Amino acid sequence: MTDHGADLVIRAEAIHTLVPGQAPQRALAVRGDRIAALSPDPNGLDDWVGPHTTVHDLPGATVLPAFDDTHTHLIYAALGAHDVPVHQAHDIPEFLDLIRQRAKVTPEGEWIRTTTNWQELNLAERRMPTAAELDRATDRHPVLVKRGGHNDIVNSYALRLAGITEDTPVPPGGVIGRDADGKLNGRLIDNAMGLVERLIPGPDRSRRIDGLRLATAQYAATGIGTVRDCAVSPEDYAVLLAAREAGALSIRIRALISALGMTSAAQVEDLLDVMEDWRDGSDPWLRVWGVKFGLDGGLEAGATEEPYACDHAFSGTLIWEPDALVEAVEAVVRRGWRVGTHAYGDRAVRTLLDVYERVLARNPGLPAGTLVMEHGGLAGPEQRVRAVELGIPVTIQQPLLHDTAEVEEGFWGPERVARLFPARGWIDLGAQVSAGSDFPVGQFGAMRSVYGMTTRQTVIGVKGPEHAITYDEALTLHTVNAARLCGDQDLRGTLSPGRLADLTVWDQDPARCPSGALRDLNPVHTIVGGRLVTR
């Protein structure tokens with residue numbers, strides 16, 4: 001018998017703790033932000049019920065740990081909460097009209113930005129808009145259209161503001177797009193994006209905090225209780241701290257401070273100086289995980305061993321020289337931070353493993369999990385073995401493949417696309433693998449990711465079914481393994497007394513849900529730190 005009651009008691013059909021060997025439980029008690037007790041009897045915790053206890057009697061429900069999205073971009077989601085919702089457009093005229101409508105209520109000369117979670121192949125024209133078309137939406141405002149994290153399209157007004165002409169040198173690791181006649185078409189890829197984005201004033205602090213309030217609630221509504229945000233600028237992190245102080249965060253955040261766009265260790269050292277103020281990692285809601293590097297491009301510029309299917313003279317883009325990246329990564333780990341590096345194509349994976357092997361050799365005794373591979377999209381069998389031997393964890397993002405398979409087949413061909421994110425191969429080797437979405441390139445959602453990993457279904461059918469994994473394995477990638485990646489393995493990932501009360505409640509057992517319905521299945525409740533964050 002307890003001295004005083006629990007704050008929350010849940011009775012359910014099955015509480016899957018994910019503790020090895022433990023049968024499903026039927027009752028769970030929460031006190032404060034921690035799990036206090038569990039019982040296999042639905043009435044086994046009745047002694048914990050006091051006058052101030054909230055009781056959820058859910059006889060048909062299934063309870064699981066809250067999920068982690070180990071590679072996503074919450075900051076983009078929060079910024080997009082107030083941006084032009086072009087992801088709703090079905091064709092370019094509709095796309096432009098959404099921008100045109102925003103222009104009518106935006107003072108002349110102010111920037112107009114769009115949401116980032118759209119794909120050109122979902123438009124009737126199956127292409128991106130051009131600068132000339134954006135000019136028809138407005139020539140009185142600079143316009144930034146983002147698609148994912150690697151592509152911008154801007155109008156002529158924005159090109160003029162940035163001083164970009166046909167004679168502008170292309171930044172290393174970037175692309176300045178041109179049409180068939182050699183004229184600027186408004187497209188900027190990877191390191192060329194900074195030519196324009198450096199000019200855009202950030203939204204005011206209160207608007208950004210409200211965006212985080214909306215976006216974190218959207219993640220929680222799909223069953224996600226913690227995100228690992230893989231591109232957070234120092235300014236972004238200051239906003240996250242303010243949002244935390246304002247009580248605006250519905251989920252936990254592990255931030256990777258972005259070194260994207262940097263090409264030298266000296267630049268990284270300056271970033272690390274700024275990060276010194278954020279070493280206190282005691283807040284379970286918000287903390288810095290480490291530093292994010294980008295080694296190659298994304299869908300259009302991932303560095304591959306073999307040429308692209310659409311251009312036999314092109315094999316993607318490596319953004320860093322390996323020697324320089326070794327020096328930059330060493331700068332980070334010698335200050336005690338972790339590193340996550342974007343490596344998507346197989347040539348990038350090979351190069352990154354070379355870099356990490358050199359860093360490990362020159363810095364013996366680094367804590368396990370210090371060096372992480374983000375994506376490892378086309379990692380082949382030999383590369384997977386090598387990553388495991390080096391102790392390099394990898395994050396995979398099945399929703400990215402689901403949403404972009406058709407786009408990627410145009411660049412890489414069907415054979416390579418079917419090999420992306422080989423979860424089965426990673427798991428069979430005993431790799432430290434965890435899962436996420438890569439929103440805005442893939443759509444976030446706990447069961448959306450599980451559905452993709454168990455079926456290998458994409459927008460153009462099943463791709464690489466031999467890489468599918470089981471439902472239980474998929475759960476582990478988003479819970480136990482994810483908590484380990486974040487360094488929270490003693491606090492989260494399983495449901496047991498003393499751990500943080502981060503859990504999801506489902507009105508049916510997702511394990512028995514038909515796969516077609518599983519993709520869009522959301523929990524009825526998400527609870528983080530004992531607090532109900534969805535209703």
# chains A, B, ... in the order shown; residues from 1 in each chain; ligands from 1
call {"tool": "select_by_dssp", "arguments": {"residues": "region 219-343 of chain A", "states": "helix (DSSP H, G or I)", "output": "ChimeraX atom specification"}}
result
/A:219-221,234-245,265-278,322-333
call {"tool": "write_last_selection", "arguments": {"atoms": "C-alpha atoms", "output": "tab-separated table (two decimals), in the first residue's frame"}}
result
chain	number	residue	atom	x	y	z
A	219	TYR	CA	4.02	14.94	-33.53
A	220	ALA	CA	2.47	13.83	-30.23
A	221	ALA	CA	-0.86	13.16	-31.95
A	234	PRO	CA	22.10	28.21	-32.49
A	235	GLU	CA	19.27	30.70	-33.01
A	236	ASP	CA	16.79	27.81	-33.28
A	237	TYR	CA	18.05	26.36	-30.02
A	238	ALA	CA	17.57	29.67	-28.24
A	239	VAL	CA	13.95	29.59	-29.42
A	240	LEU	CA	13.58	26.00	-28.19
A	241	LEU	CA	14.83	27.08	-24.77
A	242	ALA	CA	12.29	29.91	-24.74
A	243	ALA	CA	9.53	27.51	-25.79
A	244	ARG	CA	10.51	25.13	-23.01
A	245	GLU	CA	10.37	28.00	-20.52
A	265	ALA	CA	37.23	22.85	-38.82
A	266	ALA	CA	37.74	26.54	-37.99
A	267	GLN	CA	34.07	27.24	-38.72
A	268	VAL	CA	33.09	24.28	-36.57
A	269	GLU	CA	35.27	25.49	-33.69
A	270	ASP	CA	33.36	28.78	-33.71
A	271	LEU	CA	30.09	26.83	-33.52
A	272	LEU	CA	31.43	24.77	-30.61
A	273	ASP	CA	32.29	27.96	-28.73
A	274	VAL	CA	28.63	28.97	-28.93
A	275	MET	CA	27.55	25.52	-27.74
A	276	GLU	CA	29.55	25.74	-24.51
A	277	ASP	CA	26.59	27.42	-22.81
A	278	TRP	CA	24.41	24.36	-23.49
A	322	PRO	CA	37.55	13.76	-46.24
A	323	ASP	CA	40.66	15.20	-44.58
A	324	ALA	CA	38.79	18.37	-43.65
A	325	LEU	CA	35.86	16.36	-42.27
A	326	VAL	CA	38.20	14.26	-40.11
A	327	GLU	CA	39.59	17.45	-38.62
A	328	ALA	CA	36.09	18.91	-38.06
A	329	VAL	CA	34.69	15.75	-36.46
A	330	GLU	CA	37.73	15.52	-34.21
A	331	ALA	CA	37.13	19.09	-33.08
A	332	VAL	CA	33.65	18.06	-31.95
A	333	VAL	CA	34.49	14.82	-30.17
call {"tool": "residues_around", "arguments": {"residues": "Ile164 (chain A)", "least_positions_apart": "3", "cutoff": "12 Å", "atoms": "only C-alpha atoms", "output": "compact mmCIF listing (two decimals) with N, CA, C and O atoms, in the first residue's frame"}}
result
# COMPACT_ATOMS: atom_id res chain seq x y z
N VAL A 154 13.44 30.03 -55.69
CA VAL A 154 13.15 31.42 -55.34
C VAL A 154 12.75 32.19 -56.59
O VAL A 154 13.02 31.77 -57.72
N ASN A 155 12.07 33.32 -56.38
CA ASN A 155 11.66 34.14 -57.51
C ASN A 155 12.76 35.13 -57.87
O ASN A 155 13.82 35.21 -57.23
N SER A 156 12.51 35.91 -58.90
CA SER A 156 13.53 36.84 -59.39
C SER A 156 13.84 37.92 -58.37
O SER A 156 15.00 38.38 -58.27
N TYR A 157 12.85 38.34 -57.63
CA TYR A 157 13.05 39.34 -56.58
C TYR A 157 14.10 38.83 -55.59
O TYR A 157 15.04 39.56 -55.22
N ALA A 158 13.98 37.58 -55.18
CA ALA A 158 14.92 37.00 -54.22
C ALA A 158 16.31 36.86 -54.83
O ALA A 158 17.33 37.10 -54.16
N LEU A 159 16.37 36.46 -56.10
CA LEU A 159 17.68 36.35 -56.76
C LEU A 159 18.37 37.71 -56.79
O LEU A 159 19.58 37.81 -56.55
N ARG A 160 17.60 38.76 -57.08
CA ARG A 160 18.20 40.11 -57.12
C ARG A 160 18.69 40.52 -55.74
O ARG A 160 19.80 41.06 -55.60
N LEU A 161 17.90 40.28 -54.70
CA LEU A 161 18.31 40.64 -53.35
C LEU A 161 19.61 39.95 -52.96
O LEU A 161 20.47 40.53 -52.30
N ASP A 167 26.59 34.98 -63.63
CA ASP A 167 28.03 34.92 -63.43
C ASP A 167 28.44 34.57 -62.00
O ASP A 167 29.63 34.50 -61.69
N THR A 168 27.45 34.36 -61.13
CA THR A 168 27.77 34.06 -59.73
C THR A 168 28.48 32.72 -59.60
O THR A 168 28.00 31.71 -60.13
N PRO A 169 29.63 32.68 -58.93
CA PRO A 169 30.32 31.39 -58.74
C PRO A 169 29.45 30.43 -57.93
O PRO A 169 28.78 30.83 -56.98
N VAL A 170 29.47 29.18 -58.32
CA VAL A 170 28.70 28.16 -57.61
C VAL A 170 29.46 27.76 -56.34
O VAL A 170 30.63 27.37 -56.43
N PRO A 171 28.84 27.86 -55.17
CA PRO A 171 29.55 27.47 -53.94
C PRO A 171 29.93 25.99 -53.97
O PRO A 171 29.17 25.16 -54.49
N ILE A 176 23.53 25.98 -58.51
CA ILE A 176 22.66 27.09 -58.91
C ILE A 176 21.99 26.66 -60.19
O ILE A 176 22.64 26.47 -61.21
N GLY A 177 20.67 26.45 -60.14
CA GLY A 177 19.96 25.85 -61.25
C GLY A 177 19.82 26.76 -62.46
O GLY A 177 19.71 27.98 -62.35
N LYS A 183 19.67 29.93 -68.57
CA LYS A 183 19.20 31.03 -67.73
C LYS A 183 18.89 30.51 -66.33
O LYS A 183 18.49 29.35 -66.15
N LEU A 184 19.02 31.39 -65.34
CA LEU A 184 18.71 31.00 -63.96
C LEU A 184 17.24 30.62 -63.86
O LEU A 184 16.36 31.33 -64.34
N ASN A 185 16.97 29.47 -63.21
CA ASN A 185 15.58 29.04 -63.05
C ASN A 185 15.09 29.15 -61.62
O ASN A 185 13.98 28.73 -61.29
N GLY A 186 15.93 29.72 -60.74
CA GLY A 186 15.51 29.95 -59.36
C GLY A 186 15.82 28.83 -58.41
O GLY A 186 15.60 28.96 -57.21
N ARG A 187 16.35 27.72 -58.89
CA ARG A 187 16.59 26.58 -58.02
C ARG A 187 17.99 26.65 -57.40
O ARG A 187 18.98 26.92 -58.10
N LEU A 188 18.05 26.38 -56.12
CA LEU A 188 19.31 26.36 -55.37
C LEU A 188 19.36 25.07 -54.57
O LEU A 188 18.39 24.71 -53.88
N ALA A 192 24.32 26.01 -52.01
CA ALA A 192 23.91 27.25 -52.68
C ALA A 192 22.71 27.89 -52.00
O ALA A 192 22.42 29.06 -52.24
N MET A 193 22.01 27.15 -51.15
CA MET A 193 20.81 27.70 -50.51
C MET A 193 21.15 28.88 -49.61
O MET A 193 20.36 29.82 -49.47
N GLY A 194 22.33 28.84 -49.01
CA GLY A 194 22.71 29.91 -48.10
C GLY A 194 22.83 31.26 -48.76
O GLY A 194 22.76 32.29 -48.08
N LEU A 195 23.04 31.30 -50.09
CA LEU A 195 23.14 32.57 -50.80
C LEU A 195 21.89 33.42 -50.59
O LEU A 195 21.95 34.64 -50.53
N VAL A 196 20.75 32.74 -50.47
CA VAL A 196 19.48 33.44 -50.26
C VAL A 196 19.04 33.37 -48.81
O VAL A 196 18.60 34.38 -48.23
call {"tool": "residues_around", "arguments": {"residues": "region 372-389 of chain A", "least_positions_apart": "3", "cutoff": "7 Å", "atoms": "only C-alpha atoms", "output": "list in words"}}
result
Val339, Gly340, Thr341, His342, Ala343, Tyr344, Gly345, Asp346, Val349, Arg350, Leu353, Gly369, Ile392, Pro393, Val394, Thr395, Ile396, Gln397, Arg419, Leu420, Phe421, Trp426 and Ala431 of chain A
call {"tool": "write_last_selection", "arguments": {"atoms": "C-alpha atoms", "output": "compact mmCIF listing (two decimals), in the first residue's frame"}}
result
# COMPACT_ATOMS: atom_id res chain seq x y z
CA VAL A 339 28.42 13.64 -34.13
CA GLY A 340 25.68 12.65 -36.56
CA THR A 341 26.62 12.83 -40.25
CA HIS A 342 24.27 12.70 -43.22
CA ALA A 343 25.51 10.04 -45.67
CA TYR A 344 22.89 8.92 -48.17
CA GLY A 345 24.51 7.40 -51.24
CA ASP A 346 26.87 4.41 -51.10
CA VAL A 349 28.64 5.89 -46.76
CA ARG A 350 32.04 4.48 -47.75
CA LEU A 353 33.19 5.12 -42.65
CA GLY A 369 27.65 5.91 -29.88
CA ILE A 392 28.72 3.05 -35.67
CA PRO A 393 24.97 3.39 -35.03
CA VAL A 394 22.74 4.22 -38.00
CA THR A 395 19.37 5.93 -38.27
CA ILE A 396 16.99 4.87 -41.07
CA GLN A 397 13.87 6.62 -42.36
CA ARG A 419 18.00 -1.32 -51.80
CA LEU A 420 17.42 1.82 -49.74
CA PHE A 421 17.28 1.51 -45.95
CA TRP A 426 21.20 -4.10 -40.37
CA ALA A 431 23.66 -3.19 -35.78
call {"tool": "closest_residue", "arguments": {"among": "A:Gly430, A:Gly202, A:Gly44, A:Gly223", "to": "Leu28 (chain A)", "atoms": "only C-alpha atoms"}}
result
A:Gly44
call {"tool": "closest_residue", "arguments": {"among": "A:His71, A:Pro414, A:Ala348, A:Ser496", "to": "Lys292 (chain A)", "atoms": "only C-alpha atoms"}}
result
A:His71
call {"tool": "atom_distance", "arguments": {"atom1": "CA of Ala162 (chain A)", "atom2": "CA of Gln119 (chain A)"}}
result
25.5 Å
call {"tool": "residues_around", "arguments": {"residues": "Asp190 (chain A)", "least_positions_apart": "2", "cutoff": "9 Å", "atoms": "only C-alpha atoms", "output": "VMD selection string"}}
result
chain A and resid 149 to 152 173 to 175 188 192 to 194 260 to 261 296 to 298 301 319
call {"tool": "closest_atom_pairs", "arguments": {"of": "region 38-57 of chain A", "to": "region 498-510 of chain A", "cutoff": "12 Å", "atoms": "only C-alpha atoms", "output": "tab-separated table"}}
result
residue	atom	partner	partner_atom	distance
A:Leu38	CA	A:Gly498	CA	10.9
A:His56	CA	A:Val505	CA	10.3
A:Asp57	CA	A:Val505	CA	11.4
call {"tool": "atom_distance", "arguments": {"atom1": "CA of Thr304 (chain A)", "atom2": "CA of Gln398 (chain A)"}}
result
19.4 Å
call {"tool": "select_by_dssp", "arguments": {"residues": "region 58-166 of chain A", "states": "strand (DSSP E)", "output": "list in words"}}
result
Leu58, Pro59, Gly60, Ala61, Thr62, Val63, Leu64, Pro65, Phe67, Asp68, Asp69, Thr70, His71, Thr72, Ile112, Arg113, Val143, Leu144, Val145, Lys146, Arg147, Asn151, Asp152, Ile153 and Val154 of chain A
call {"tool": "closest_residue", "arguments": {"among": "A:Gln432, A:Gln218, A:Thr17, A:Thr476", "to": "Leu74 (chain A)", "atoms": "only C-alpha atoms"}}
result
A:Gln218
call {"tool": "atom_distance", "arguments": {"atom1": "CA of Arg198 (chain A)", "atom2": "CA of Arg287 (chain A)"}}
result
25.7 Å
call {"tool": "closest_residue", "arguments": {"among": "A:Gln25, A:Leu318, A:Leu199, A:Glu166", "to": "Gly294 (chain A)", "atoms": "only C-alpha atoms"}}
result
A:Leu318
call {"tool": "closest_residue", "arguments": {"among": "A:Ala435, A:Ala36, A:Ile75, A:Leu521", "to": "Arg484 (chain A)", "atoms": "only C-alpha atoms"}}
result
A:Ala435
call {"tool": "residues_around", "arguments": {"residues": "Thr72 (chain A)", "least_positions_apart": "5", "cutoff": "12 Å", "atoms": "only C-alpha atoms", "output": "JSON, numbers by chain"}}
result
{"A": [77, 78, 117, 148, 149, 216, 219, 224, 226, 227, 228, 229, 230, 231, 232, 253, 254, 255, 256, 374, 375, 395, 396, 397, 398, 399, 400, 435, 436, 437, 438, 439, 440, 441, 442, 443, 444, 445]}
call {"tool": "residues_around", "arguments": {"residues": "Gly211 (chain A)", "least_positions_apart": "6", "cutoff": "7 Å", "atoms": "only C-alpha atoms", "output": "mmCIF file with N, CA and C atoms, in the first residue's frame"}}
result
data_model
loop_
_atom_site.group_PDB
_atom_site.id
_atom_site.type_symbol
_atom_site.label_atom_id
_atom_site.label_comp_id
_atom_site.auth_asym_id
_atom_site.auth_seq_id
_atom_site.Cartn_x
_atom_site.Cartn_y
_atom_site.Cartn_z
ATOM 1 N N ALA A 78 7.817 23.476 -37.294
ATOM 2 C CA ALA A 78 7.358 24.640 -36.542
ATOM 3 C C ALA A 78 7.350 25.900 -37.399
ATOM 4 N N LEU A 79 8.401 26.071 -38.206
ATOM 5 C CA LEU A 79 8.414 27.223 -39.108
ATOM 6 C C LEU A 79 7.268 27.127 -40.107
ATOM 7 N N ALA A 81 4.408 25.930 -39.697
ATOM 8 C CA ALA A 81 3.077 26.071 -39.115
ATOM 9 C C ALA A 81 2.398 27.361 -39.559
ATOM 10 N N HIS A 82 3.198 28.373 -39.910
ATOM 11 C CA HIS A 82 2.633 29.655 -40.338
ATOM 12 C C HIS A 82 2.964 29.984 -41.789
#
call {"tool": "residues_around", "arguments": {"residues": "Asn481 (chain A)", "least_positions_apart": "6", "cutoff": "10 Å", "atoms": "only C-alpha atoms", "output": "PyMOL selection string"}}
result
chain A and resi 68+70+393+432-435+473-475+487-489+493
